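For reference, the structure is listed below as structure tokens.
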Amino acid sequence: MMGFGGDSGRVFAQYDKNTWPCLRRRIGRKRKGRDSKEARERESEREMANIWNSKVLPKIKKVFGSNGTKKAAVAETIKSFDESKEEISKELEEKKTELQPKVVEIYEAAPAEIKNLVKKPTQSGLKKNSAAVKKFLEELVKIEFPGSKPVSEAAAKYGPAYVSGPVTFILDKVSGLLPAEEAAATAEAPAEAESSSKEATAEVIEEIKKEEAEKVEETPAPATETPAPAPAPAPEPAKA
């Protein structure tokens, strides 16, 4: 094996002395750049995880996880109110003389939509005139109308249509305090206020399900063509 001696050895030593530090610096810079890139990638992953946990995931839970809770809360509210109907009716009977003029004043100041709902409450009407119904209930709370406060709070939280049973009950009691001519107009109104808590809960849950369901456009069935009537047979020639 040929060794390095003399001038060749000195050249190699000089090359080794000048080159290897340079190579080490290059390798170090590449390694440092690679480490820096990995650090940036890790930081980006942490940021994405933070965005997912703080913004995306809560919205997903809100959309998909709150519906069951809402149904249960609405059902519990209706059940609790149904259990207090008898007490509300008794308290209202005791305060009837005091409340009647105040109720008439609130009713007269209400818009036509509310007057129609007092006469004939419907779930679709409660939903369509949600803001006006909430306002009307708030006015009843101000005069301490029995049962109006929990119903007003439930309507503000879930919407009047979702607690249609309790809202209808209060509207029915309001109609009972109106003058004779107004009371006569409400005689044919459906007695929805007396429906059981089970029926009211079922209606509310069904309404929630309908709102959650995706709207699918129905394809109209192809029109069937009516066959043309067969031509009448030609008359036979008269026999001679």
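In the structure tokens, chains take the letters A, B, ... in the order shown, each chain's residues start at 1, and ligands count up from 1 in the order shown.
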
Find the residues near A:Ile170: any atom within 10 Å, counting only C-alpha atoms, skip ones fewer than 2 places away on the same chain, and give them as a compact mmCIF listing (two decimals) with all heavy atoms, in the first residue's frame.
```txt
# COMPACT_ATOMS: atom_id res chain seq x y z
N LYS A 85 -100.46 22.59 36.13
CA LYS A 85 -101.65 23.21 35.52
C LYS A 85 -102.77 23.44 36.53
O LYS A 85 -103.41 24.50 36.55
CB LYS A 85 -102.16 22.33 34.37
CG LYS A 85 -101.40 22.47 33.08
CD LYS A 85 -102.02 21.61 32.00
CE LYS A 85 -101.31 21.78 30.67
NZ LYS A 85 -101.90 20.95 29.61
N ILE A 88 -101.99 26.38 38.71
CA ILE A 88 -102.10 27.62 37.95
C ILE A 88 -103.56 28.01 37.79
O ILE A 88 -103.93 29.19 37.97
CB ILE A 88 -101.42 27.47 36.57
CG1 ILE A 88 -99.90 27.34 36.74
CG2 ILE A 88 -101.74 28.66 35.68
CD1 ILE A 88 -99.18 27.01 35.45
N SER A 89 -104.39 27.05 37.46
CA SER A 89 -105.82 27.33 37.28
C SER A 89 -106.45 27.83 38.59
O SER A 89 -107.28 28.75 38.58
CB SER A 89 -106.54 26.07 36.80
OG SER A 89 -106.04 25.65 35.55
N VAL A 118 -104.92 33.86 20.18
CA VAL A 118 -105.69 33.72 21.43
C VAL A 118 -107.03 33.04 21.13
O VAL A 118 -107.49 32.18 21.89
CB VAL A 118 -105.90 35.09 22.09
CG1 VAL A 118 -106.88 34.97 23.27
CG2 VAL A 118 -104.56 35.65 22.58
N LEU A 137 -96.18 37.17 25.91
CA LEU A 137 -95.93 36.46 27.17
C LEU A 137 -95.18 37.34 28.17
O LEU A 137 -95.44 37.29 29.38
CB LEU A 137 -95.15 35.18 26.89
CG LEU A 137 -95.89 34.07 26.13
CD1 LEU A 137 -94.94 32.94 25.76
CD2 LEU A 137 -97.05 33.53 26.96
N LEU A 140 -97.56 39.52 29.90
CA LEU A 140 -98.31 38.78 30.92
C LEU A 140 -97.47 38.58 32.17
O LEU A 140 -98.00 38.60 33.30
CB LEU A 140 -98.76 37.43 30.36
CG LEU A 140 -99.79 37.47 29.23
CD1 LEU A 140 -100.09 36.05 28.74
CD2 LEU A 140 -101.09 38.16 29.67
N PHE A 145 -99.26 37.25 35.64
CA PHE A 145 -100.28 36.29 35.21
C PHE A 145 -99.80 34.89 35.59
O PHE A 145 -98.70 34.49 35.24
CB PHE A 145 -100.49 36.38 33.70
CG PHE A 145 -101.69 35.66 33.20
CD1 PHE A 145 -102.92 36.30 33.07
CD2 PHE A 145 -101.61 34.31 32.85
CE1 PHE A 145 -104.03 35.62 32.59
CE2 PHE A 145 -102.70 33.63 32.37
CZ PHE A 145 -103.93 34.28 32.25
N PRO A 146 -100.61 34.13 36.32
CA PRO A 146 -100.18 32.80 36.79
C PRO A 146 -99.68 31.90 35.65
O PRO A 146 -100.36 31.75 34.63
CB PRO A 146 -101.45 32.23 37.43
CG PRO A 146 -102.22 33.44 37.86
CD PRO A 146 -101.96 34.46 36.81
N GLY A 147 -98.52 31.32 35.84
CA GLY A 147 -97.95 30.39 34.87
C GLY A 147 -97.23 31.05 33.71
O GLY A 147 -96.58 30.35 32.91
N SER A 148 -97.32 32.35 33.58
CA SER A 148 -96.73 33.01 32.41
C SER A 148 -95.20 33.07 32.46
O SER A 148 -94.54 33.01 31.41
CB SER A 148 -97.29 34.44 32.27
OG SER A 148 -96.96 35.21 33.41
N VAL A 151 -93.47 29.78 31.27
CA VAL A 151 -93.78 29.60 29.85
C VAL A 151 -93.01 30.62 29.01
O VAL A 151 -92.48 30.29 27.94
CB VAL A 151 -95.29 29.72 29.59
CG1 VAL A 151 -95.59 29.66 28.10
CG2 VAL A 151 -96.03 28.60 30.30
N SER A 152 -92.93 31.85 29.49
CA SER A 152 -92.18 32.89 28.77
C SER A 152 -90.71 32.53 28.69
O SER A 152 -90.07 32.70 27.64
CB SER A 152 -92.35 34.24 29.48
OG SER A 152 -91.59 35.24 28.84
N SER A 164 -95.46 24.39 22.56
CA SER A 164 -96.80 24.82 22.14
C SER A 164 -97.87 24.48 23.16
O SER A 164 -98.83 25.23 23.33
CB SER A 164 -97.15 24.20 20.79
OG SER A 164 -97.09 22.78 20.86
N GLY A 165 -97.72 23.33 23.85
CA GLY A 165 -98.72 22.95 24.85
C GLY A 165 -98.86 23.99 25.96
O GLY A 165 -99.96 24.51 26.20
N PRO A 166 -97.78 24.32 26.67
CA PRO A 166 -97.85 25.35 27.71
C PRO A 166 -98.28 26.72 27.19
O PRO A 166 -99.06 27.41 27.85
CB PRO A 166 -96.42 25.39 28.26
CG PRO A 166 -95.88 24.02 28.00
CD PRO A 166 -96.49 23.60 26.71
N VAL A 167 -97.78 27.12 26.02
CA VAL A 167 -98.16 28.42 25.47
C VAL A 167 -99.65 28.45 25.16
O VAL A 167 -100.34 29.43 25.47
CB VAL A 167 -97.34 28.74 24.19
CG1 VAL A 167 -97.86 30.01 23.54
CG2 VAL A 167 -95.87 28.89 24.52
N THR A 168 -100.15 27.39 24.57
CA THR A 168 -101.58 27.32 24.24
C THR A 168 -102.43 27.34 25.50
O THR A 168 -103.51 27.96 25.52
CB THR A 168 -101.87 26.03 23.44
OG1 THR A 168 -101.09 26.05 22.25
CG2 THR A 168 -103.34 25.95 23.06
N ASP A 172 -105.25 30.12 26.24
CA ASP A 172 -106.62 29.70 26.53
C ASP A 172 -107.13 30.37 27.81
O ASP A 172 -108.30 30.78 27.89
CB ASP A 172 -106.67 28.18 26.67
CG ASP A 172 -108.08 27.67 26.90
OD1 ASP A 172 -108.91 27.78 25.98
OD2 ASP A 172 -108.35 27.16 28.01
N LYS A 173 -106.25 30.48 28.80
CA LYS A 173 -106.63 31.15 30.05
C LYS A 173 -106.84 32.65 29.82
O LYS A 173 -107.72 33.27 30.45
CB LYS A 173 -105.55 30.93 31.11
CG LYS A 173 -105.42 29.48 31.56
CD LYS A 173 -106.72 28.96 32.14
CE LYS A 173 -106.59 27.51 32.60
NZ LYS A 173 -107.88 26.99 33.14
N VAL A 174 -106.06 33.22 28.92
CA VAL A 174 -106.25 34.64 28.59
C VAL A 174 -107.61 34.85 27.94
O VAL A 174 -108.34 35.79 28.28
CB VAL A 174 -105.12 35.12 27.64
CG1 VAL A 174 -105.47 36.49 27.04
CG2 VAL A 174 -103.80 35.19 28.38
N SER A 175 -107.97 33.96 27.03
CA SER A 175 -109.27 34.10 26.35
C SER A 175 -110.43 33.99 27.34
O SER A 175 -111.49 34.59 27.13
CB SER A 175 -109.41 33.03 25.26
OG SER A 175 -109.54 31.74 25.84
N GLY A 176 -110.23 33.26 28.42
CA GLY A 176 -111.28 33.12 29.43
C GLY A 176 -111.52 34.39 30.23
O GLY A 176 -112.56 34.51 30.90
N ALA A 193 -105.01 23.22 24.99
CA ALA A 193 -104.39 23.44 26.29
C ALA A 193 -104.60 22.28 27.23
O ALA A 193 -103.87 22.12 28.20
CB ALA A 193 -104.94 24.72 26.92
```

Q | Exercise: A:Glu138 partners within 10 Å, only C-alpha atoms, chain neighbours under 3 positions left out, as an MDAnalysis selection string | A | chainID A and resid 132:135 141:145 148:149 151:153 156

Using only N, CA, C and O atoms, please write the residues we just selected to a file, as a PDB file, in the first residue's frame.
```pdb
ATOM      1  N   ALA A 132     -93.713  37.894  18.240  1.00  0.00           N
ATOM      2  CA  ALA A 132     -94.896  38.532  18.822  1.00  0.00           C
ATOM      3  C   ALA A 132     -95.422  37.728  20.017  1.00  0.00           C
ATOM      4  O   ALA A 132     -95.874  38.299  21.014  1.00  0.00           O
ATOM      5  N   VAL A 133     -95.348  36.406  19.929  1.00  0.00           N
ATOM      6  CA  VAL A 133     -95.801  35.561  21.035  1.00  0.00           C
ATOM      7  C   VAL A 133     -94.921  35.773  22.262  1.00  0.00           C
ATOM      8  O   VAL A 133     -95.416  35.888  23.392  1.00  0.00           O
ATOM      9  N   LYS A 134     -93.610  35.825  22.047  1.00  0.00           N
ATOM     10  CA  LYS A 134     -92.692  36.073  23.162  1.00  0.00           C
ATOM     11  C   LYS A 134     -92.999  37.411  23.831  1.00  0.00           C
ATOM     12  O   LYS A 134     -93.005  37.522  25.060  1.00  0.00           O
ATOM     13  N   LYS A 135     -93.243  38.428  23.016  1.00  0.00           N
ATOM     14  CA  LYS A 135     -93.557  39.755  23.545  1.00  0.00           C
ATOM     15  C   LYS A 135     -94.850  39.732  24.344  1.00  0.00           C
ATOM     16  O   LYS A 135     -94.940  40.326  25.432  1.00  0.00           O
ATOM     17  N   VAL A 141     -96.189  38.383  32.003  1.00  0.00           N
ATOM     18  CA  VAL A 141     -95.300  38.228  33.155  1.00  0.00           C
ATOM     19  C   VAL A 141     -95.287  39.510  33.984  1.00  0.00           C
ATOM     20  O   VAL A 141     -95.257  39.460  35.223  1.00  0.00           O
ATOM     21  N   LYS A 142     -95.342  40.658  33.317  1.00  0.00           N
ATOM     22  CA  LYS A 142     -95.304  41.946  34.024  1.00  0.00           C
ATOM     23  C   LYS A 142     -96.496  42.123  34.963  1.00  0.00           C
ATOM     24  O   LYS A 142     -96.382  42.769  36.001  1.00  0.00           O
ATOM     25  N   ILE A 143     -97.645  41.554  34.593  1.00  0.00           N
ATOM     26  CA  ILE A 143     -98.833  41.678  35.460  1.00  0.00           C
ATOM     27  C   ILE A 143     -98.975  40.445  36.370  1.00  0.00           C
ATOM     28  O   ILE A 143    -100.000  40.279  37.031  1.00  0.00           O
ATOM     29  N   GLU A 144     -97.928  39.607  36.380  1.00  0.00           N
ATOM     30  CA  GLU A 144     -97.883  38.412  37.227  1.00  0.00           C
ATOM     31  C   GLU A 144     -99.037  37.462  36.934  1.00  0.00           C
ATOM     32  O   GLU A 144     -99.684  36.922  37.828  1.00  0.00           O
ATOM     33  N   PHE A 145     -99.261  37.246  35.638  1.00  0.00           N
ATOM     34  CA  PHE A 145    -100.278  36.289  35.212  1.00  0.00           C
ATOM     35  C   PHE A 145     -99.801  34.888  35.591  1.00  0.00           C
ATOM     36  O   PHE A 145     -98.698  34.486  35.236  1.00  0.00           O
ATOM     37  N   SER A 148     -97.324  32.354  33.582  1.00  0.00           N
ATOM     38  CA  SER A 148     -96.733  33.012  32.408  1.00  0.00           C
ATOM     39  C   SER A 148     -95.204  33.068  32.463  1.00  0.00           C
ATOM     40  O   SER A 148     -94.545  33.005  31.413  1.00  0.00           O
ATOM     41  N   LYS A 149     -94.632  33.163  33.644  1.00  0.00           N
ATOM     42  CA  LYS A 149     -93.182  33.310  33.744  1.00  0.00           C
ATOM     43  C   LYS A 149     -92.429  32.074  33.244  1.00  0.00           C
ATOM     44  O   LYS A 149     -91.538  32.207  32.380  1.00  0.00           O
ATOM     45  N   VAL A 151     -93.473  29.777  31.267  1.00  0.00           N
ATOM     46  CA  VAL A 151     -93.777  29.598  29.845  1.00  0.00           C
ATOM     47  C   VAL A 151     -93.009  30.618  29.010  1.00  0.00           C
ATOM     48  O   VAL A 151     -92.480  30.295  27.941  1.00  0.00           O
ATOM     49  N   SER A 152     -92.928  31.852  29.487  1.00  0.00           N
ATOM     50  CA  SER A 152     -92.184  32.887  28.770  1.00  0.00           C
ATOM     51  C   SER A 152     -90.705  32.528  28.691  1.00  0.00           C
ATOM     52  O   SER A 152     -90.066  32.695  27.639  1.00  0.00           O
ATOM     53  N   GLU A 153     -90.143  32.014  29.775  1.00  0.00           N
ATOM     54  CA  GLU A 153     -88.732  31.623  29.783  1.00  0.00           C
ATOM     55  C   GLU A 153     -88.480  30.452  28.831  1.00  0.00           C
ATOM     56  O   GLU A 153     -87.482  30.434  28.106  1.00  0.00           O
ATOM     57  N   ALA A 156     -88.704  31.695  25.241  1.00  0.00           N
ATOM     58  CA  ALA A 156     -87.512  32.456  24.861  1.00  0.00           C
ATOM     59  C   ALA A 156     -86.317  31.533  24.629  1.00  0.00           C
ATOM     60  O   ALA A 156     -85.473  31.807  23.774  1.00  0.00           O
TER      61      ALA A 156
END
```

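We find atom CA of A:Ile78 and atom CA of A:Ser130 to be spaced 17.8 Å apart.
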